[in-house]
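Asker: Compact mmCIF, C-alpha atoms, file coords11.txt:
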```txt
# COMPACT_ATOMS: atom_id res chain seq x y z
CA MET A 1 0.00 0.00 0.00
CA THR A 2 1.84 3.11 -1.22
CA LEU A 3 0.96 6.75 -1.70
CA SER A 4 0.54 7.93 -5.27
CA THR A 5 3.20 10.17 -6.81
CA ASN A 6 0.48 12.32 -8.40
CA PRO A 7 -0.22 15.24 -5.98
CA VAL A 8 -3.97 15.23 -6.63
CA GLU A 9 -4.26 11.50 -6.08
CA ARG A 10 -2.09 11.79 -2.96
CA ARG A 11 -4.48 14.40 -1.54
CA LEU A 12 -7.40 12.11 -2.30
CA GLN A 13 -5.62 9.33 -0.43
CA PHE A 14 -4.95 11.57 2.59
CA SER A 15 -8.55 12.70 2.47
CA GLY A 16 -9.67 9.06 2.45
CA VAL A 17 -7.50 8.24 5.47
CA LEU A 18 -8.92 11.17 7.47
CA ILE A 19 -12.48 10.19 6.57
CA ILE A 20 -11.87 6.54 7.49
CA LEU A 21 -10.50 7.65 10.88
CA GLY A 22 -13.53 9.92 11.39
CA LEU A 23 -15.94 7.14 10.49
CA LEU A 24 -14.17 4.71 12.82
CA VAL A 25 -14.40 7.21 15.70
CA GLU A 26 -18.10 7.58 14.98
CA ALA A 27 -18.60 3.81 14.88
CA LEU A 28 -16.78 3.41 18.22
CA CYS A 29 -18.91 6.15 19.76
CA LEU A 30 -22.08 4.39 18.62
CA ALA A 31 -20.95 1.30 20.50
CA TRP A 32 -19.75 3.25 23.55
CA ARG A 33 -22.62 3.91 25.96
CA GLY A 34 -21.20 6.88 27.86
CA PRO A 35 -22.07 10.55 28.15
CA LEU A 36 -18.74 11.47 26.57
CA ALA A 37 -19.50 9.48 23.42
CA PHE A 38 -21.48 12.34 21.90
CA LEU A 39 -18.71 14.84 22.56
CA VAL A 40 -16.00 12.58 21.14
CA SER A 41 -18.18 11.72 18.15
CA LEU A 42 -18.89 15.37 17.39
CA GLY A 43 -15.51 16.79 18.42
CA LEU A 44 -12.95 14.27 17.20
CA GLY A 45 -15.00 12.31 14.63
CA GLY A 46 -16.62 15.44 13.22
CA LEU A 47 -13.27 17.21 12.99
CA LEU A 48 -11.63 14.31 11.13
CA LEU A 49 -14.56 14.00 8.71
CA PHE A 50 -14.61 17.76 8.13
CA ALA A 51 -10.85 17.85 7.51
CA GLY A 52 -11.10 14.91 5.10
CA MET A 53 -13.94 16.49 3.14
CA VAL A 54 -12.20 19.88 2.98
CA LEU A 55 -9.03 18.20 1.72
CA PHE A 56 -11.09 16.38 -0.93
CA LEU A 57 -12.71 19.64 -2.06
CA PHE A 58 -9.31 21.32 -2.05
CA SER A 59 -7.91 18.55 -4.24
CA LEU A 60 -10.72 19.25 -6.74
CA VAL A 61 -10.12 23.00 -6.98
CA SER A 62 -6.35 22.65 -6.97
CA SER A 63 -6.29 20.18 -9.89
CA PRO A 64 -4.03 21.39 -12.71
CA ARG A 65 -5.93 22.45 -15.81
CA PRO A 66 -5.89 19.93 -18.67
CA GLY A 67 -3.66 22.16 -20.84
CA ASN A 68 -1.05 22.81 -18.12
CA MET B 1 -33.28 4.13 12.83
CA PRO B 2 -31.31 1.13 14.09
CA VAL B 3 -27.67 1.64 15.02
CA SER B 4 -26.79 -1.59 13.15
CA PHE B 5 -27.91 0.03 9.86
CA LEU B 6 -25.65 3.01 10.50
CA LEU B 7 -22.74 0.72 11.36
CA LEU B 8 -23.30 -1.15 8.08
CA LEU B 9 -23.33 2.14 6.18
CA ILE B 10 -20.06 3.15 7.86
CA LEU B 11 -18.54 -0.23 6.94
CA PHE B 12 -19.73 0.18 3.34
CA SER B 13 -18.25 3.70 3.15
CA VAL B 14 -14.92 2.56 4.62
CA SER B 15 -14.70 -0.30 2.09
CA LEU B 16 -15.27 2.07 -0.83
CA ILE B 17 -12.69 4.52 0.54
CA VAL B 18 -10.16 1.68 0.82
CA VAL B 19 -10.80 0.85 -2.87
CA LEU B 20 -10.25 4.51 -3.74
CA PHE B 21 -7.08 4.59 -1.64
CA LEU B 22 -5.63 1.52 -3.34
CA ARG B 23 -6.65 2.62 -6.85
CA PRO B 24 -6.61 6.44 -6.87
CA GLY B 25 -6.11 6.32 -10.64
CA ILE B 26 -9.77 5.45 -11.18
CA THR B 27 -10.68 9.07 -10.41
CA VAL B 28 -9.36 10.01 -13.87
CA THR B 29 -12.55 8.62 -15.43
CA ARG B 30 -15.93 10.30 -15.13
CA GLY B 31 -17.34 7.36 -13.16
CA GLY B 32 -14.37 7.45 -10.82
CA LYS B 33 -14.89 11.16 -10.16
CA ILE B 34 -18.55 10.56 -9.31
CA MET B 35 -17.53 7.69 -7.04
CA ALA B 36 -14.92 9.88 -5.30
CA PHE B 37 -17.56 12.57 -4.69
CA LEU B 38 -20.01 10.05 -3.28
CA VAL B 39 -17.42 8.30 -1.12
CA LEU B 40 -15.40 11.27 0.10
CA PHE B 41 -18.18 13.82 0.46
CA PHE B 42 -21.75 12.55 0.30
CA LEU B 43 -21.45 9.35 2.35
CA PRO B 44 -19.41 10.97 5.19
CA ILE B 45 -22.02 13.74 5.52
CA LEU B 46 -24.80 11.14 5.53
CA CYS B 47 -23.01 9.01 8.15
CA ALA B 48 -22.20 12.05 10.33
CA SER B 49 -25.75 13.42 10.29
CA MET B 50 -27.25 9.99 11.01
CA GLY B 51 -24.69 9.47 13.80
CA ILE B 52 -25.44 12.83 15.43
CA SER B 53 -29.16 12.15 15.20
CA SER B 54 -28.66 8.75 16.82
CA GLU B 55 -26.51 10.22 19.61
CA LEU B 56 -29.07 12.98 20.27
CA GLU B 57 -31.85 10.42 20.45
CA ARG B 58 -29.84 8.28 22.88
CA SER B 59 -29.11 11.29 25.07
CA LYS B 60 -32.85 11.49 25.84
CA SER B 61 -32.90 8.04 27.43
CA THR B 62 -33.32 7.48 31.15
CA ALA B 63 -30.33 5.12 31.12
CA PHE B 64 -28.16 7.87 29.59
CA CYS B 65 -29.12 10.42 32.29
CA LEU B 66 -28.57 7.90 35.06
CA SER B 67 -25.20 6.78 33.68
CA CYS B 68 -23.58 9.65 35.61
CA HIS B 69 -22.77 8.50 39.14
CA ILE B 70 -24.14 11.72 40.60
CA MET B 71 -27.61 10.97 39.17
CA GLU B 72 -27.90 7.55 40.83
CA PRO B 73 -30.04 8.78 43.78
CA TYR B 74 -32.40 10.45 41.31
CA GLY B 75 -32.76 7.13 39.49
CA LYS B 76 -33.39 5.44 42.84
CA SER B 77 -36.07 8.00 43.68
CA LEU B 78 -38.09 6.74 40.70
CA ARG B 79 -38.57 3.45 42.54
CA VAL B 80 -39.78 4.81 45.88
CA ASP B 81 -42.84 2.88 47.04
CA ASP B 82 -44.88 5.94 47.96
CA PRO B 83 -47.38 7.66 45.63
CA ALA B 84 -46.62 11.00 47.29
CA TYR B 85 -43.27 11.01 45.48
CA LEU B 86 -44.25 12.74 42.27
CA ALA B 87 -41.40 11.47 40.09
CA ALA B 88 -41.87 7.89 41.33
CA ALA B 89 -45.64 7.99 40.77
CA HIS B 90 -45.15 9.21 37.20
CA TYR B 91 -42.44 6.67 36.43
CA GLN B 92 -44.09 3.63 38.01
CA ASN B 93 -47.52 4.32 36.51
CA HIS B 94 -46.08 5.09 33.05
CA ARG B 95 -47.45 8.64 33.09
CA VAL B 96 -44.16 9.43 31.41
CA PRO B 97 -42.38 7.10 28.94
CA VAL B 98 -40.19 4.91 31.13
CA ASP B 99 -37.32 5.04 28.62
CA GLU B 100 -37.32 8.86 28.52
CA ALA B 101 -38.52 9.67 32.03
CA CYS B 102 -35.96 12.38 32.89
CA TYR B 103 -36.15 14.11 29.53
CA THR B 104 -39.96 14.14 29.48
CA CYS B 105 -40.24 16.31 32.60
CA HIS B 106 -36.95 18.20 32.42
CA THR B 107 -37.15 19.61 28.93
CA ASN B 108 -38.93 22.86 28.17
CA TYR B 109 -41.99 22.48 25.99
CA ALA B 110 -41.22 25.73 24.24
CA MET B 111 -39.27 26.72 21.15
CA PHE B 112 -35.60 25.64 21.47
CA GLY B 113 -36.46 23.61 24.61
CA THR B 114 -34.58 20.57 23.31
CA ALA B 115 -31.60 22.68 22.21
CA LYS B 116 -31.46 24.34 25.64
CA ALA B 117 -31.61 20.94 27.33
CA LYS B 118 -28.68 19.72 25.20
CA LEU B 119 -26.61 22.82 25.94
CA ARG B 120 -27.23 22.31 29.64
CA GLY B 121 -26.18 18.71 29.18
CA LEU B 122 -22.83 19.92 27.81
CA ARG B 123 -22.47 22.12 30.87
CA HIS B 124 -23.23 19.13 33.11
CA VAL B 125 -20.49 17.13 31.38
CA TYR B 126 -18.04 19.99 31.97
CA ILE B 127 -19.00 20.29 35.65
CA TYR B 128 -18.91 16.53 36.16
CA TYR B 129 -15.49 15.94 34.60
CA PHE B 130 -13.61 19.21 35.14
CA THR B 131 -14.89 20.72 38.41
CA THR B 132 -16.13 19.43 41.75
CA PRO B 133 -19.81 18.61 41.26
CA PRO B 134 -22.18 19.30 44.17
CA PRO B 135 -23.56 16.33 46.18
CA PRO B 136 -26.81 14.95 44.66
CA GLU B 137 -29.06 16.44 47.36
CA LYS B 138 -27.65 19.93 46.70
CA ILE B 139 -28.39 19.88 42.96
CA LYS B 140 -30.91 22.59 42.05
CA LEU B 141 -32.84 23.37 38.88
CA TYR B 142 -31.54 26.32 36.87
CA GLU B 143 -34.94 28.01 37.20
CA SER B 144 -38.08 27.15 39.12
CA PHE B 145 -40.11 24.38 37.52
CA ASN B 146 -42.60 25.84 35.07
CA ASN B 147 -46.16 24.46 35.19
CA ARG B 148 -46.07 24.45 31.38
CA GLU B 149 -44.09 21.21 31.55
CA CYS B 150 -46.84 19.55 33.64
CA LEU B 151 -49.67 21.05 31.62
CA HIS B 152 -48.15 19.73 28.41
CA CYS B 153 -49.73 16.39 29.38
CA HIS B 154 -52.26 17.23 32.11
CA GLU B 155 -54.09 20.18 30.61
CA GLY B 156 -57.45 18.99 29.32
CA ALA B 157 -57.23 15.70 31.20
CA ARG B 158 -60.38 15.00 33.20
CA SER B 159 -58.49 14.03 36.33
CA PHE B 160 -56.75 17.39 36.27
CA GLU B 161 -59.56 19.66 35.10
CA GLN B 162 -62.22 18.11 37.38
CA GLY B 163 -59.98 17.16 40.29
CA ALA B 164 -61.65 18.01 43.61
CA ILE B 165 -58.66 19.84 45.06
CA HIS B 166 -57.93 21.70 41.83
CA ASN B 167 -61.52 22.99 41.91
CA SER B 168 -61.75 23.64 45.64
CA ASP B 169 -60.99 27.30 44.97
CA PRO B 170 -62.32 28.91 41.75
CA TYR B 171 -59.07 30.87 41.35
CA LEU B 172 -56.76 27.88 41.72
CA LEU B 173 -57.09 26.26 38.28
CA PRO B 174 -56.60 29.54 36.34
CA ALA B 175 -53.63 30.36 38.60
CA ILE B 176 -52.05 26.97 37.89
CA LYS B 177 -52.58 27.38 34.15
CA ALA B 178 -51.05 30.86 34.25
CA ASN B 179 -48.05 29.51 36.19
CA LYS B 180 -48.92 31.84 39.09
CA LYS B 181 -49.38 28.93 41.50
CA SER B 182 -46.71 26.25 41.11
CA CYS B 183 -47.77 22.61 40.92
CA LEU B 184 -44.86 21.93 43.27
CA SER B 185 -46.08 24.40 45.92
CA SER B 186 -46.07 23.43 49.56
CA GLY B 187 -49.20 21.41 50.30
CA CYS B 188 -49.59 20.37 46.64
CA HIS B 189 -47.09 18.14 44.80
CA GLU B 190 -44.09 19.27 46.81
CA VAL B 191 -42.43 15.84 47.19
CA VAL B 192 -40.69 15.20 43.89
CA HIS B 193 -37.32 13.41 44.10
CA ASN B 194 -36.33 14.31 47.68
CA VAL B 195 -33.08 12.37 47.37
CA GLY B 196 -32.02 13.46 50.84
CA THR B 197 -34.67 11.23 52.43
CA LEU B 198 -34.12 8.05 50.41
CA ALA B 199 -32.46 6.27 53.35
CA ASN B 200 -35.80 6.12 55.15
CA VAL B 201 -38.17 4.95 52.43
CA LYS B 202 -39.30 1.64 50.95
CA PHE B 203 -38.62 0.81 47.30
CA TRP B 204 -40.78 -0.84 44.67
CA ASN B 205 -39.02 -3.68 42.88
CA GLY B 206 -41.55 -4.31 40.10
CA GLY B 207 -41.55 -3.08 36.52
CA SER B 208 -38.81 -3.37 34.00
```
What would the structure in this file look like if it were written as structure tokens?
Answerer:
Amino acid sequence: MTLSTNPVERRLQFSGVLIILGLLVEALCLAWRGPLAFLVSLGLGGLLLFAGMVLFLFSLVSSPRPGN
Amino acid sequence: MPVSFLLLLILFSVSLIVVLFLRPGITVTRGGKIMAFLVLFFLPILCASMGISSELERSKSTAFCLSCHIMEPYGKSLRVDDPAYLAAAHYQNHRVPVDEACYTCHTNYAMFGTAKAKLRGLRHVYIYYFTTPPPPEKIKLYESFNNRECLHCHEGARSFEQGAIHNSDPYLLPAIKANKKSCLSSGCHEVVHNVGTLANVKFWNGGS
């Protein structure tokens, strides 16, 4: 499992890793029956998901134009 | 919405992201771009919103409220074998949903009542984990209990509207409805949780 040499694809891969981590945090919080679960889910999970999605959107707008 | 469905959706999303991670080259094609958008944007938003909704729903449960050690005496007070204990009488006779007993009485039936209850919950978490919380018998409501919360269910009910004591004085019922005379006034329904007296009472062991 290696990172792509293409910068856009590498950003997509990083974005995927962040989103996977966010989703795993959310899944753990669903199984965890404590009052802190909501805070961790929203704080840590939400932050990871948000960062992953922003990185994905950034990779879209930062793509080099076809002619360049 | 069952939690198992959400967990399956998360598993499905993770599997697709892994495919995208291993084969990032597929995003060159139109189909790959659509897949990347679905997997890296749409599905995470869907999972996050469903997860938050599920967590919010769970935070209304009686078990959730009583999971804090400090709330244990309040949970115990729901099982007092004495109909004079207002909370116990409501809980044991299913006048409130047993699974959402705390939330049913302690949320405001007004606009943003649920949001306010959740914000207070965040404050409770802060106090519980980062400061020295007061002993259970010293815990007070943020503001005096509004009759609106009682009337949400009782208003219009025959037992309330035609109750002998409620009609013993012609001014009493309008005063209760206008929140000028509290339901919890001395001589009325003043015994609610009274956690300070739980050492001297009998408990009911029935129910779920």
Asker: Around the point (-21.2, 9.7, 19.6) (coordinates from the file), which residues reach within 12 Å if we count all atoms listed in the file? Answer as number ranges by chain.
Answerer: A: 22-46; B: 3, 47-59
Asker: Would you mind exporting C-alpha atoms of the selected residues as an mmCIF file, in the frame of the given file?
Answerer:
```cif
data_model
loop_
_atom_site.group_PDB
_atom_site.id
_atom_site.type_symbol
_atom_site.label_atom_id
_atom_site.label_comp_id
_atom_site.auth_asym_id
_atom_site.auth_seq_id
_atom_site.Cartn_x
_atom_site.Cartn_y
_atom_site.Cartn_z
ATOM 1 C CA GLY A 22 -13.530 9.920 11.390
ATOM 2 C CA LEU A 23 -15.940 7.140 10.490
ATOM 3 C CA LEU A 24 -14.170 4.710 12.820
ATOM 4 C CA VAL A 25 -14.400 7.210 15.700
ATOM 5 C CA GLU A 26 -18.100 7.580 14.980
ATOM 6 C CA ALA A 27 -18.600 3.810 14.880
ATOM 7 C CA LEU A 28 -16.780 3.410 18.220
ATOM 8 C CA CYS A 29 -18.910 6.150 19.760
ATOM 9 C CA LEU A 30 -22.080 4.390 18.620
ATOM 10 C CA ALA A 31 -20.950 1.300 20.500
ATOM 11 C CA TRP A 32 -19.750 3.250 23.550
ATOM 12 C CA ARG A 33 -22.620 3.910 25.960
ATOM 13 C CA GLY A 34 -21.200 6.880 27.860
ATOM 14 C CA PRO A 35 -22.070 10.550 28.150
ATOM 15 C CA LEU A 36 -18.740 11.470 26.570
ATOM 16 C CA ALA A 37 -19.500 9.480 23.420
ATOM 17 C CA PHE A 38 -21.480 12.340 21.900
ATOM 18 C CA LEU A 39 -18.710 14.840 22.560
ATOM 19 C CA VAL A 40 -16.000 12.580 21.140
ATOM 20 C CA SER A 41 -18.180 11.720 18.150
ATOM 21 C CA LEU A 42 -18.890 15.370 17.390
ATOM 22 C CA GLY A 43 -15.510 16.790 18.420
ATOM 23 C CA LEU A 44 -12.950 14.270 17.200
ATOM 24 C CA GLY A 45 -15.000 12.310 14.630
ATOM 25 C CA GLY A 46 -16.620 15.440 13.220
ATOM 26 C CA VAL B 3 -27.670 1.640 15.020
ATOM 27 C CA CYS B 47 -23.010 9.010 8.150
ATOM 28 C CA ALA B 48 -22.200 12.050 10.330
ATOM 29 C CA SER B 49 -25.750 13.420 10.290
ATOM 30 C CA MET B 50 -27.250 9.990 11.010
ATOM 31 C CA GLY B 51 -24.690 9.470 13.800
ATOM 32 C CA ILE B 52 -25.440 12.830 15.430
ATOM 33 C CA SER B 53 -29.160 12.150 15.200
ATOM 34 C CA SER B 54 -28.660 8.750 16.820
ATOM 35 C CA GLU B 55 -26.510 10.220 19.610
ATOM 36 C CA LEU B 56 -29.070 12.980 20.270
ATOM 37 C CA GLU B 57 -31.850 10.420 20.450
ATOM 38 C CA ARG B 58 -29.840 8.280 22.880
ATOM 39 C CA SER B 59 -29.110 11.290 25.070
#
```
Asker: Taking only C-alpha atoms into account, report as a compact mmCIF listing (two decimals) with C-alpha atoms, in the coordinates of the input which residues of chain A lie within 6 Å of chain B.
Answerer:
```
# COMPACT_ATOMS: atom_id res chain seq x y z
CA GLU A 9 -4.26 11.50 -6.08
CA GLN A 13 -5.62 9.33 -0.43
CA GLY A 16 -9.67 9.06 2.45
CA ILE A 20 -11.87 6.54 7.49
CA PHE A 38 -21.48 12.34 21.90
CA MET A 53 -13.94 16.49 3.14
```
Asker: Excluding Ala84 in chain B and residues on its chain fewer than 3 positions from it, collect all residues at most 9 Å away from it, counting all atoms listed in the file, and give them as number ranges by chain.
Answerer: B: 81, 87-89, 189-192
Asker: Using all atoms listed in the file, find all polymer residues with an atom at most 12 Å away from the point (-32.8, 9.7, 44.7); report them as an mmCIF file with C-alpha atoms, in the coordinates of the input.
Answerer:
```
data_model
loop_
_atom_site.group_PDB
_atom_site.id
_atom_site.type_symbol
_atom_site.label_atom_id
_atom_site.label_comp_id
_atom_site.auth_asym_id
_atom_site.auth_seq_id
_atom_site.Cartn_x
_atom_site.Cartn_y
_atom_site.Cartn_z
ATOM 1 C CA LEU B 66 -28.570 7.900 35.060
ATOM 2 C CA HIS B 69 -22.770 8.500 39.140
ATOM 3 C CA ILE B 70 -24.140 11.720 40.600
ATOM 4 C CA MET B 71 -27.610 10.970 39.170
ATOM 5 C CA GLU B 72 -27.900 7.550 40.830
ATOM 6 C CA PRO B 73 -30.040 8.780 43.780
ATOM 7 C CA TYR B 74 -32.400 10.450 41.310
ATOM 8 C CA GLY B 75 -32.760 7.130 39.490
ATOM 9 C CA LYS B 76 -33.390 5.440 42.840
ATOM 10 C CA SER B 77 -36.070 8.000 43.680
ATOM 11 C CA LEU B 78 -38.090 6.740 40.700
ATOM 12 C CA ARG B 79 -38.570 3.450 42.540
ATOM 13 C CA VAL B 80 -39.780 4.810 45.880
ATOM 14 C CA TYR B 85 -43.270 11.010 45.480
ATOM 15 C CA ALA B 87 -41.400 11.470 40.090
ATOM 16 C CA ALA B 88 -41.870 7.890 41.330
ATOM 17 C CA PRO B 135 -23.560 16.330 46.180
ATOM 18 C CA PRO B 136 -26.810 14.950 44.660
ATOM 19 C CA GLU B 137 -29.060 16.440 47.360
ATOM 20 C CA LYS B 138 -27.650 19.930 46.700
ATOM 21 C CA ILE B 139 -28.390 19.880 42.960
ATOM 22 C CA VAL B 191 -42.430 15.840 47.190
ATOM 23 C CA VAL B 192 -40.690 15.200 43.890
ATOM 24 C CA HIS B 193 -37.320 13.410 44.100
ATOM 25 C CA ASN B 194 -36.330 14.310 47.680
ATOM 26 C CA VAL B 195 -33.080 12.370 47.370
ATOM 27 C CA GLY B 196 -32.020 13.460 50.840
ATOM 28 C CA THR B 197 -34.670 11.230 52.430
ATOM 29 C CA LEU B 198 -34.120 8.050 50.410
ATOM 30 C CA ALA B 199 -32.460 6.270 53.350
ATOM 31 C CA ASN B 200 -35.800 6.120 55.150
ATOM 32 C CA VAL B 201 -38.170 4.950 52.430
ATOM 33 C CA PHE B 203 -38.620 0.810 47.300
#
```
Asker: Find the residues around Asn147 in chain B up to 7 Å (all atoms listed in the file counted), leave out those fewer than 5 positions away in its own chain, and share them as a list in words.
Answerer: Ile176, Asn179, Ser182 and Cys183 of chain B
Asker: What's the separation between CA of Thr62 in chain B and CA of Lys177 in chain B, in Å to one decimal place?
Answerer: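 For CA of Thr62 in chain B relative to CA of Lys177 in chain B, the distance reads 27.9 Å.
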Asker: May I ask for the distance between CA of Leu184 in chain B and CA of His94 in chain B, given in Å to one decimal place?
Answerer: 19.7 Å
Asker: What is the distance between CA of Ala51 in chain A and CA of Lys116 in chain B, in Å to one decimal?
Answerer: 28.2 Å
Asker: Near Val8 in chain A, counting only C-alpha atoms, which residues have an atom at most 12 Å away, once you skip same-chain residues fewer than 5 positions from it, shown as number ranges by chain?
Answerer: A: 3, 13-15, 55-65; B: 24-25, 27-28
Asker: Using all atoms listed in the file, which residue out of B:Thr104, B:Thr132, B:Thr114, B:Asn93 lies closest to Cys153 in chain B?
Answerer: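 The closest residue to Cys153 in chain B is B:Thr104.
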